[in-house]
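Below is one structure, written out as structure tokens; the observations come after it.
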Amino acid sequence: MENWIKITLVLCLFGTLREIRPSEPFVTEFLLGEWRNITEDQLNREVYPVGTYSYLALLVVIFLITDFLRFKPVIILSGLSGISVYAVLLWTSSIEWLQVSQFLYGLYMATEVAYLTYIYAKVDSAKYPLVSSCTRIAALTGRFLSGASSQLLTHYGLMNYRDLNYITFAAQILATFWAFWLPPVPYGIYFHRRSIATTIQIDIGTMNMEKQNPQQSEKRSFRKDITDAAYLIARHARSAYTRPKVLAWSALYAAAMALFVQAQTYVQLLWNQIQKDDEAPVVYNGAVEAVQTLLGAGGALAASYCARAALPAPAAAAQGAAVFAGTHVPNVFASYAGYIVMGLLYHYTITLASAKIAGQLSDDSCFGLIFGINTLLGTGLQSLLTLILIQTLTLPIAAQYFTLSGLFLVLASIWMLGWIVNVCRQTKSISVTNQY
């Protein structure tokens with residue numbers, strides 16, 4: 001078996017174990033249940049926003065140090081932070097500890113960037129599209145198993161909402177253990193780079209000076225490594241974002257991510273409110289997450305094979321309609337259906353945008369950088385939405401989702417307007433060329 005295949009399989013198993021979190025589809029039911037004494041309003045305004053802001057702040061730090069630490073330590077940190085999150089959820093009950101768990105969850109989500117970019121430092125750039133698909137499929141597999149298993153376990157009364165956290169806790173321990181088996185990365189993409197030229201052309205005078213003062217030489221080498229990395233990062237970012245198509249698809253990537261994550265984070269509160277008057281509410285959160293993940297994988301596959309027939313504007317418009325219908329219709333199954341449609345089209349859009357961006361990059365090694373920056377921008381936009389909708393305007397949960405549906409429609413309109421302007425420019429350019 002080729003080495004890159006072994007590395008990909010080890011990483012994918014970690015990704016699958018990390019995503020086995022059957023407690024997540026029912027986290028709101030667990031937190032509002034008999035095990036804690038908090039209200040929906042506290043959960044909405046005092047708890048969940050901590051995770052959003054922590055994710056943004058920590059993502060900046062993790063993004064900067066992942067390549068410097070050569071990926072593997074950050075992947076191990078991801079597993080350890082996951083263990084910490086679910087240990088706090090299982091064995092504490094106060095709202096202060098719940099906020100601590102959200103901070104740790106922000107760290108847990110931020111370190112996912114190491115899992116998604118590790119492979120770019122270990123395999124040849126020609127394998128990037130294939131290994132990227134494998135790591136995402138592994139993560140989606142874990143999410144599907146989580147949704148399906150959590151629904152079956154709760155539906156048949158084998159476990160309650162708190163017990164599901166034990167499975168999640170065990171999966172995070174296994175993922176952390178498995179992360180130690182990942183091959184180390186000897187050279188980073190930007191830091192600790194392999195430099196053939198400096199290896200061959202050795203300056204004898206410099207060697208003698210290093211022998212006389214090794215500490216000063218080490219400091220100089222560290223400073224040069226930082227300077228070279230910063231220069232290369234800036235050069236790759238400038239080269240990518242000065243391309244209009246990369247800029248446009250990156251903006252779509254960030255906006256689509258922000259709207260979806262904001263909707264996903266609080267959707268269980270919406271479902272809980274829709275079913276508030278039911279004496280025996282039917283909770284199919286796990287099944288819905290499983291179906292959404294499965295159809296989302298299909299949407300991602302469709303985007304991969306139909307990249308030329310790009311339909312981001314209709315997809316965003318359909319997401320807006322689905323969110324509106326799922327909020328307006330006072331039936332939880334309608335809301336479930338709206339969430340599934342929104343998730344399916346999100347995976348389609350995000351995969352399409354990634355493919356379009358990758359096709360415009362002249363240097364394959366900078367794809368991880370651009371992906372990280374776009375994720376950071378998306379997280380920043382989502383934090384802004386949280387600040388405005390929840391903590392400034394203090395909108396009720398239904399009003400938040402009506403606003404999100406409108407923002408999806410705004411995104412669709414902007415993209416459609418840009419597409420029309422681009423077509424007009426191309427038509428004008430062709431007519432001018434024909435005149436000459």
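We label chains A, B, ... in the order they appear in the structure tokens, count residues from 1 in each chain, and number ligands from 1 in the order shown.
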
* Asked: What's the 8 Å shell around Val85 of chain A, counting only C-alpha atoms, without same-chain residues fewer than 4 positions away, as a ChimeraX atom specification?
  -> /A:81,89,101-102,104-105

* Which residues, written as a PyMOL selection string, have at least one atom at most 9 Å from segment 264-276 of chain A, with only C-alpha atoms counted and residues fewer than 5 positions away on the same chain left out? -> chain A and resi 25-29+40+43-44+48+259+281-283+285+327+330-332+335-336+339+343+397-398+401

* To do: Determine the nearest neighbour of Arg45 of chain A from the options A:Val113, A:Leu98, A:Gly372, A:Ile390, counting only C-alpha atoms.
  => A:Ile390

* **Which of segment 35-203 of chain A fall in alpha helix (DSSP H), as a PyMOL selection string** => chain A and resi 40-42+48-65+72-91+95-110+112-117+128-155+164-179+196-200

* Name the residues in contact with Gly82 of chain A at a cut-off of 12 Å, using only C-alpha atoms, excluding same-chain residues fewer than 6 positions from it; report them as number ranges by chain. => A: 17-21, 75-76, 88-89, 101-112, 165, 168-176

Could you write out that same residue set with N, CA, C and O atoms as a CSV table (one decimal), in the first residue's frame?
```
chain,number,residue,atom,x,y,z
A,17,LEU,N,-14.0,9.2,14.0
A,17,LEU,CA,-14.2,9.0,15.5
A,17,LEU,C,-14.5,10.4,16.1
A,17,LEU,O,-15.3,10.5,17.0
A,18,ARG,N,-13.8,11.4,15.6
A,18,ARG,CA,-14.0,12.8,16.2
A,18,ARG,C,-15.5,13.2,16.0
A,18,ARG,O,-16.0,14.0,16.8
A,19,GLU,N,-16.1,12.8,14.9
A,19,GLU,CA,-17.4,13.3,14.6
A,19,GLU,C,-18.5,12.4,15.1
A,19,GLU,O,-19.7,12.7,15.0
A,20,ILE,N,-18.1,11.3,15.8
A,20,ILE,CA,-19.2,10.5,16.5
A,20,ILE,C,-19.6,11.2,17.8
A,20,ILE,O,-19.0,11.0,18.8
A,21,ARG,N,-20.6,12.0,17.7
A,21,ARG,CA,-21.1,12.8,18.8
A,21,ARG,C,-22.6,12.7,18.8
A,21,ARG,O,-23.3,13.6,18.5
A,75,ILE,N,-3.9,18.6,16.3
A,75,ILE,CA,-4.8,17.5,16.1
A,75,ILE,C,-5.0,16.8,17.4
A,75,ILE,O,-6.2,16.5,17.8
A,76,ILE,N,-4.0,16.6,18.1
A,76,ILE,CA,-4.1,16.0,19.5
A,76,ILE,C,-4.8,16.9,20.4
A,76,ILE,O,-5.7,16.5,21.2
A,88,VAL,N,-17.0,18.2,31.2
A,88,VAL,CA,-17.7,19.3,31.9
A,88,VAL,C,-19.2,19.1,31.8
A,88,VAL,O,-19.9,19.3,32.7
A,89,LEU,N,-19.7,18.7,30.6
A,89,LEU,CA,-21.1,18.6,30.4
A,89,LEU,C,-21.7,17.4,31.3
A,89,LEU,O,-22.8,17.5,31.8
A,101,SER,N,-17.8,25.1,29.2
A,101,SER,CA,-17.8,24.0,28.2
A,101,SER,C,-18.0,24.6,26.8
A,101,SER,O,-17.4,24.1,25.8
A,102,GLN,N,-18.7,25.8,26.7
A,102,GLN,CA,-18.8,26.4,25.4
A,102,GLN,C,-17.5,27.0,24.9
A,102,GLN,O,-17.2,27.0,23.7
A,103,PHE,N,-16.7,27.6,25.9
A,103,PHE,CA,-15.3,28.0,25.5
A,103,PHE,C,-14.5,26.9,25.0
A,103,PHE,O,-13.8,27.0,24.0
A,104,LEU,N,-14.5,25.8,25.7
A,104,LEU,CA,-13.8,24.6,25.3
A,104,LEU,C,-14.3,24.1,23.9
A,104,LEU,O,-13.5,23.6,23.1
A,105,TYR,N,-15.6,24.2,23.7
A,105,TYR,CA,-16.2,23.8,22.4
A,105,TYR,C,-15.7,24.7,21.3
A,105,TYR,O,-15.5,24.2,20.2
A,106,GLY,N,-15.5,26.0,21.6
A,106,GLY,CA,-14.9,26.9,20.6
A,106,GLY,C,-13.5,26.4,20.2
A,106,GLY,O,-13.2,26.5,19.0
A,107,LEU,N,-12.7,26.0,21.2
A,107,LEU,CA,-11.4,25.5,21.0
A,107,LEU,C,-11.5,24.2,20.1
A,107,LEU,O,-10.7,24.0,19.2
A,108,TYR,N,-12.4,23.3,20.5
A,108,TYR,CA,-12.6,22.1,19.8
A,108,TYR,C,-12.9,22.3,18.3
A,108,TYR,O,-12.3,21.6,17.5
A,109,MET,N,-13.8,23.2,18.0
A,109,MET,CA,-14.1,23.5,16.6
A,109,MET,C,-13.0,24.2,15.9
A,109,MET,O,-12.8,24.0,14.7
A,110,ALA,N,-12.3,25.1,16.6
A,110,ALA,CA,-11.2,25.8,16.0
A,110,ALA,C,-10.1,24.9,15.5
A,110,ALA,O,-9.5,25.1,14.5
A,111,THR,N,-9.8,23.9,16.3
A,111,THR,CA,-8.7,22.9,16.0
A,111,THR,C,-9.1,22.0,14.9
A,111,THR,O,-8.2,21.3,14.4
A,112,GLU,N,-10.3,22.0,14.4
A,112,GLU,CA,-10.7,21.2,13.3
A,112,GLU,C,-9.9,21.6,12.0
A,112,GLU,O,-9.7,20.8,11.1
A,165,ASN,N,-24.1,11.4,26.0
A,165,ASN,CA,-22.8,12.1,26.2
A,165,ASN,C,-21.7,11.1,26.5
A,165,ASN,O,-20.5,11.4,26.3
A,168,THR,N,-20.3,10.0,23.3
A,168,THR,CA,-19.5,11.0,22.7
A,168,THR,C,-18.1,11.2,23.4
A,168,THR,O,-17.1,11.3,22.8
A,169,PHE,N,-18.2,11.1,24.7
A,169,PHE,CA,-17.0,11.2,25.6
A,169,PHE,C,-16.0,10.1,25.2
A,169,PHE,O,-14.8,10.3,25.0
A,170,ALA,N,-16.5,8.8,25.1
A,170,ALA,CA,-15.6,7.7,24.7
A,170,ALA,C,-15.1,7.8,23.3
A,170,ALA,O,-13.9,7.5,23.1
A,171,ALA,N,-15.9,8.3,22.4
A,171,ALA,CA,-15.4,8.5,21.0
A,171,ALA,C,-14.2,9.5,21.0
A,171,ALA,O,-13.3,9.4,20.2
A,172,GLN,N,-14.3,10.6,21.8
A,172,GLN,CA,-13.3,11.6,21.8
A,172,GLN,C,-12.0,11.0,22.4
A,172,GLN,O,-10.9,11.4,21.9
A,173,ILE,N,-12.1,10.2,23.4
A,173,ILE,CA,-10.9,9.5,23.9
A,173,ILE,C,-10.3,8.6,22.9
A,173,ILE,O,-9.0,8.6,22.7
A,174,LEU,N,-11.1,7.8,22.1
A,174,LEU,CA,-10.5,7.0,21.1
A,174,LEU,C,-9.9,7.8,20.0
A,174,LEU,O,-8.8,7.5,19.5
A,175,ALA,N,-10.5,8.9,19.6
A,175,ALA,CA,-10.0,9.8,18.6
A,175,ALA,C,-8.6,10.4,19.0
A,175,ALA,O,-7.7,10.4,18.2
A,176,THR,N,-8.5,10.8,20.3
A,176,THR,CA,-7.3,11.3,20.8
A,176,THR,C,-6.2,10.3,20.8
A,176,THR,O,-5.0,10.6,20.4
```

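Among the candidates A:Lys122, A:Thr117, A:Glu289, A:Leu64, the residue lying nearest to Ile5 of chain A is A:Lys122 (atoms considered: only C-alpha atoms).
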
Within 7 Å of segment 146-153 of chain A, counting only C-alpha atoms, which residues qualify if same-chain residues fewer than 4 places away don't, as a PDB file with N, CA, C and O atoms, in the first residue's frame?
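And here is the file that came out, out_26.pdb:
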```
ATOM      1  N   ILE A  20     -18.144  11.314  15.807  1.00  0.00           N
ATOM      2  CA  ILE A  20     -19.153  10.468  16.462  1.00  0.00           C
ATOM      3  C   ILE A  20     -19.558  11.152  17.762  1.00  0.00           C
ATOM      4  O   ILE A  20     -18.963  10.967  18.819  1.00  0.00           O
ATOM      5  N   ARG A  21     -20.581  11.994  17.655  1.00  0.00           N
ATOM      6  CA  ARG A  21     -21.078  12.775  18.789  1.00  0.00           C
ATOM      7  C   ARG A  21     -22.603  12.667  18.824  1.00  0.00           C
ATOM      8  O   ARG A  21     -23.315  13.616  18.462  1.00  0.00           O
ATOM      9  N   PRO A  22     -23.133  11.503  19.218  1.00  0.00           N
ATOM     10  CA  PRO A  22     -24.599  11.322  19.211  1.00  0.00           C
ATOM     11  C   PRO A  22     -25.344  12.236  20.173  1.00  0.00           C
ATOM     12  O   PRO A  22     -26.568  12.356  20.080  1.00  0.00           O
ATOM     13  N   SER A  23     -24.628  12.881  21.069  1.00  0.00           N
ATOM     14  CA  SER A  23     -25.283  13.804  22.001  1.00  0.00           C
ATOM     15  C   SER A  23     -25.674  15.118  21.330  1.00  0.00           C
ATOM     16  O   SER A  23     -26.587  15.814  21.797  1.00  0.00           O
ATOM     17  N   PRO A  25     -27.265  16.057  18.405  1.00  0.00           N
ATOM     18  CA  PRO A  25     -28.620  16.329  17.908  1.00  0.00           C
ATOM     19  C   PRO A  25     -29.628  16.635  19.012  1.00  0.00           C
ATOM     20  O   PRO A  25     -30.680  17.209  18.743  1.00  0.00           O
ATOM     21  N   GLY A 142     -19.032  10.033  10.203  1.00  0.00           N
ATOM     22  CA  GLY A 142     -19.178  10.126  11.654  1.00  0.00           C
ATOM     23  C   GLY A 142     -20.450  10.847  12.052  1.00  0.00           C
ATOM     24  O   GLY A 142     -21.158  10.433  12.977  1.00  0.00           O
ATOM     25  N   GLY A 157     -35.759   4.003  23.951  1.00  0.00           N
ATOM     26  CA  GLY A 157     -35.577   4.132  25.387  1.00  0.00           C
ATOM     27  C   GLY A 157     -34.353   3.445  25.942  1.00  0.00           C
ATOM     28  O   GLY A 157     -34.279   3.168  27.154  1.00  0.00           O
ATOM     29  N   LEU A 158     -33.360   3.191  25.107  1.00  0.00           N
ATOM     30  CA  LEU A 158     -32.137   2.536  25.579  1.00  0.00           C
ATOM     31  C   LEU A 158     -31.222   3.513  26.316  1.00  0.00           C
ATOM     32  O   LEU A 158     -30.427   3.107  27.165  1.00  0.00           O
ATOM     33  N   MET A 159     -31.319   4.779  25.959  1.00  0.00           N
ATOM     34  CA  MET A 159     -30.518   5.809  26.610  1.00  0.00           C
ATOM     35  C   MET A 159     -31.333   7.091  26.708  1.00  0.00           C
ATOM     36  O   MET A 159     -32.175   7.367  25.836  1.00  0.00           O
ATOM     37  N   TYR A 284     -37.368  14.033  16.646  1.00  0.00           N
ATOM     38  CA  TYR A 284     -36.627  13.247  15.664  1.00  0.00           C
ATOM     39  C   TYR A 284     -35.343  13.961  15.236  1.00  0.00           C
ATOM     40  O   TYR A 284     -34.920  13.854  14.090  1.00  0.00           O
ATOM     41  N   GLY A 286     -32.215  13.432  15.836  1.00  0.00           N
ATOM     42  CA  GLY A 286     -31.139  12.556  15.361  1.00  0.00           C
ATOM     43  C   GLY A 286     -31.381  12.083  13.939  1.00  0.00           C
ATOM     44  O   GLY A 286     -30.472  12.096  13.100  1.00  0.00           O
ATOM     45  N   ALA A 287     -32.612  11.669  13.656  1.00  0.00           N
ATOM     46  CA  ALA A 287     -32.948  11.205  12.304  1.00  0.00           C
ATOM     47  C   ALA A 287     -32.792  12.340  11.295  1.00  0.00           C
ATOM     48  O   ALA A 287     -32.300  12.133  10.174  1.00  0.00           O
ATOM     49  N   GLU A 289     -30.766  14.958  11.500  1.00  0.00           N
ATOM     50  CA  GLU A 289     -29.329  15.194  11.266  1.00  0.00           C
ATOM     51  C   GLU A 289     -28.738  14.111  10.365  1.00  0.00           C
ATOM     52  O   GLU A 289     -27.901  14.405   9.503  1.00  0.00           O
ATOM     53  N   ALA A 290     -29.167  12.867  10.547  1.00  0.00           N
ATOM     54  CA  ALA A 290     -28.659  11.770   9.712  1.00  0.00           C
ATOM     55  C   ALA A 290     -29.066  11.969   8.260  1.00  0.00           C
ATOM     56  O   ALA A 290     -28.237  11.827   7.336  1.00  0.00           O
TER      57      ALA A 290
END
```

* Near Gly299 of chain A, within 6 Å and counting only C-alpha atoms, which residues show up once chain neighbours fewer than 5 positions away are dropped, as a VMD selection string? -> chain A and resid 344 347 to 348

Could you save those same residues with all heavy atoms as an mmCIF file, in the first residue's frame?
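Produced file out.cif, reproduced below:
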```
data_model
loop_
_atom_site.group_PDB
_atom_site.id
_atom_site.type_symbol
_atom_site.label_atom_id
_atom_site.label_comp_id
_atom_site.auth_asym_id
_atom_site.auth_seq_id
_atom_site.Cartn_x
_atom_site.Cartn_y
_atom_site.Cartn_z
ATOM 1 N N LEU A 344 -28.679 20.481 2.744
ATOM 2 C CA LEU A 344 -28.316 19.874 1.453
ATOM 3 C C LEU A 344 -27.705 20.926 0.527
ATOM 4 O O LEU A 344 -26.644 20.709 -0.080
ATOM 5 C CB LEU A 344 -29.566 19.256 0.827
ATOM 6 C CG LEU A 344 -29.441 18.437 -0.468
ATOM 7 C CD1 LEU A 344 -30.681 17.571 -0.645
ATOM 8 C CD2 LEU A 344 -29.287 19.311 -1.715
ATOM 9 N N HIS A 347 -24.146 22.198 1.595
ATOM 10 C CA HIS A 347 -23.038 21.335 1.189
ATOM 11 C C HIS A 347 -22.772 21.445 -0.314
ATOM 12 O O HIS A 347 -21.615 21.385 -0.751
ATOM 13 C CB HIS A 347 -23.337 19.886 1.581
ATOM 14 C CG HIS A 347 -23.223 19.629 3.049
ATOM 15 N ND1 HIS A 347 -22.027 19.644 3.714
ATOM 16 C CD2 HIS A 347 -24.168 19.365 3.995
ATOM 17 C CE1 HIS A 347 -22.217 19.407 5.000
ATOM 18 N NE2 HIS A 347 -23.513 19.224 5.201
ATOM 19 N N TYR A 348 -23.829 21.619 -1.089
ATOM 20 C CA TYR A 348 -23.658 21.835 -2.533
ATOM 21 C C TYR A 348 -22.884 23.130 -2.779
ATOM 22 O O TYR A 348 -21.904 23.155 -3.540
ATOM 23 C CB TYR A 348 -25.033 21.900 -3.211
ATOM 24 C CG TYR A 348 -24.989 22.454 -4.617
ATOM 25 C CD1 TYR A 348 -24.622 21.651 -5.698
ATOM 26 C CD2 TYR A 348 -25.286 23.798 -4.867
ATOM 27 C CE1 TYR A 348 -24.557 22.169 -6.990
ATOM 28 C CE2 TYR A 348 -25.230 24.315 -6.144
ATOM 29 C CZ TYR A 348 -24.869 23.504 -7.204
ATOM 30 O OH TYR A 348 -24.805 24.023 -8.471
#
```

* List the neighbours of Val261 of chain A out to 12 Å using only C-alpha atoms; skip same-chain residues closer than 6 positions along the sequence, and give me the result as an MDAnalysis selection string. => chainID A and resid 51:52 55 109 254:255 267 339 342:343 346:347 375 378:383 385:386 404

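Using only C-alpha atoms, the shortest contact distance between Leu130 of chain A and any of A:Glu34, A:Ser304, A:Trp181, A:His192 is found at A:Ser304.
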
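Comparing the minimum interatomic distances between Trp178 of chain A and each of A:Leu11, A:Ala321, A:Leu31, A:Ala258, counting only C-alpha atoms, we find that A:Leu11 sits nearest.
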
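Distance-wise, atom CA of Ile373 of chain A and atom CA of Ala57 of chain A end up 13.4 Å apart.
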
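Among the candidate residues A:Thr351, A:Gln391, A:Asn160, A:Asn374, the one lying nearest to Phe63 of chain A is A:Asn374, with distances computed using only C-alpha atoms.
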
* **Surrounding residues of Phe408 of chain A excluding itself and chain neighbours under 3 positions, 12 Å, only C-alpha atoms, as a ChimeraX atom specification** => /A:252,255-260,262-263,312-324,342,345-346,401-405,411-415

Include N, CA and C atoms and write out the residues we just selected as a tab-separated table (two decimals), in the first residue's frame.
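Written out: result02.tsv:
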```tsv
chain	number	residue	atom	x	y	z
A	252	LEU	N	-18.73	34.17	-1.32
A	252	LEU	CA	-19.89	33.26	-1.25
A	252	LEU	C	-19.64	32.18	-0.20
A	255	ALA	N	-20.06	33.75	3.32
A	255	ALA	CA	-21.45	34.12	3.62
A	255	ALA	C	-22.32	32.88	3.80
A	256	ALA	N	-22.15	31.89	2.91
A	256	ALA	CA	-22.94	30.66	3.02
A	256	ALA	C	-22.64	29.93	4.32
A	257	MET	N	-21.38	29.89	4.71
A	257	MET	CA	-20.98	29.23	5.95
A	257	MET	C	-21.58	29.94	7.16
A	258	ALA	N	-21.50	31.28	7.17
A	258	ALA	CA	-22.00	32.05	8.30
A	258	ALA	C	-23.50	31.84	8.50
A	259	LEU	N	-24.27	31.89	7.42
A	259	LEU	CA	-25.72	31.74	7.52
A	259	LEU	C	-26.11	30.33	7.95
A	260	PHE	N	-25.43	29.32	7.40
A	260	PHE	CA	-25.77	27.94	7.74
A	260	PHE	C	-25.42	27.64	9.20
A	262	GLN	N	-25.05	29.69	11.69
A	262	GLN	CA	-25.94	30.41	12.60
A	262	GLN	C	-27.29	29.70	12.71
A	263	ALA	N	-27.83	29.26	11.57
A	263	ALA	CA	-29.11	28.55	11.58
A	263	ALA	C	-28.99	27.20	12.30
A	312	PRO	N	-25.40	28.86	-7.72
A	312	PRO	CA	-25.38	29.32	-6.32
A	312	PRO	C	-26.54	30.25	-5.97
A	313	ALA	N	-26.96	31.10	-6.91
A	313	ALA	CA	-28.06	32.03	-6.61
A	313	ALA	C	-29.38	31.30	-6.39
A	314	PRO	N	-29.80	30.39	-7.28
A	314	PRO	CA	-31.01	29.62	-6.99
A	314	PRO	C	-30.91	28.80	-5.71
A	315	ALA	N	-29.72	28.27	-5.42
A	315	ALA	CA	-29.53	27.48	-4.20
A	315	ALA	C	-29.75	28.35	-2.96
A	316	ALA	N	-29.19	29.57	-2.96
A	316	ALA	CA	-29.36	30.47	-1.82
A	316	ALA	C	-30.83	30.90	-1.68
A	317	ALA	N	-31.49	31.15	-2.82
A	317	ALA	CA	-32.90	31.52	-2.79
A	317	ALA	C	-33.75	30.38	-2.22
A	318	ALA	N	-33.44	29.16	-2.63
A	318	ALA	CA	-34.17	27.99	-2.12
A	318	ALA	C	-33.92	27.80	-0.62
A	319	GLN	N	-32.69	28.07	-0.17
A	319	GLN	CA	-32.40	28.01	1.26
A	319	GLN	C	-33.24	29.03	2.04
A	320	GLY	N	-33.34	30.24	1.50
A	320	GLY	CA	-34.15	31.27	2.14
A	320	GLY	C	-35.61	30.86	2.24
A	321	ALA	N	-36.13	30.28	1.15
A	321	ALA	CA	-37.52	29.83	1.14
A	321	ALA	C	-37.73	28.68	2.13
A	322	ALA	N	-36.76	27.77	2.20
A	322	ALA	CA	-36.86	26.62	3.11
A	322	ALA	C	-36.85	27.07	4.57
A	323	VAL	N	-35.96	28.01	4.90
A	323	VAL	CA	-35.90	28.51	6.28
A	323	VAL	C	-37.18	29.26	6.64
A	324	PHE	N	-37.68	30.06	5.70
A	324	PHE	CA	-38.93	30.80	5.97
A	324	PHE	C	-40.09	29.84	6.21
A	342	MET	N	-32.06	23.17	3.56
A	342	MET	CA	-31.01	24.17	3.76
A	342	MET	C	-29.64	23.51	3.86
A	345	LEU	N	-28.39	22.06	0.41
A	345	LEU	CA	-27.92	23.11	-0.50
A	345	LEU	C	-26.66	23.80	0.03
A	346	TYR	N	-26.48	23.80	1.35
A	346	TYR	CA	-25.24	24.35	1.90
A	346	TYR	C	-24.04	23.51	1.46
A	401	TYR	N	-34.91	33.51	12.74
A	401	TYR	CA	-34.92	32.66	11.54
A	401	TYR	C	-35.60	33.34	10.36
A	402	PHE	N	-36.58	34.20	10.61
A	402	PHE	CA	-37.15	34.99	9.52
A	402	PHE	C	-36.08	35.93	8.95
A	403	THR	N	-35.27	36.50	9.83
A	403	THR	CA	-34.18	37.37	9.39
A	403	THR	C	-33.16	36.60	8.56
A	404	LEU	N	-32.80	35.39	9.02
A	404	LEU	CA	-31.85	34.57	8.27
A	404	LEU	C	-32.40	34.20	6.89
A	405	SER	N	-33.69	33.93	6.81
A	405	SER	CA	-34.29	33.60	5.50
A	405	SER	C	-34.17	34.80	4.56
A	411	LEU	N	-28.40	37.33	-0.29
A	411	LEU	CA	-27.23	36.69	-0.88
A	411	LEU	C	-27.51	36.22	-2.30
A	412	ALA	N	-28.67	35.62	-2.51
A	412	ALA	CA	-29.05	35.16	-3.85
A	412	ALA	C	-29.16	36.34	-4.82
A	413	SER	N	-29.74	37.45	-4.35
A	413	SER	CA	-29.92	38.62	-5.21
A	413	SER	C	-28.57	39.24	-5.59
A	414	ILE	N	-27.67	39.34	-4.62
A	414	ILE	CA	-26.34	39.91	-4.90
A	414	ILE	C	-25.58	39.05	-5.91
A	415	TRP	N	-25.65	37.73	-5.71
A	415	TRP	CA	-24.93	36.84	-6.63
A	415	TRP	C	-25.54	36.91	-8.04
```

* Restricting the calculation to only C-alpha atoms, which member of A:Phe371, A:Trp4, A:Trp97, A:Phe14 is positioned closest to Phe180 of chain A? -> A:Phe14

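In this model, the gap between atom CA of Pro49 of chain A and atom CA of Leu384 of chain A comes to 10.6 Å.
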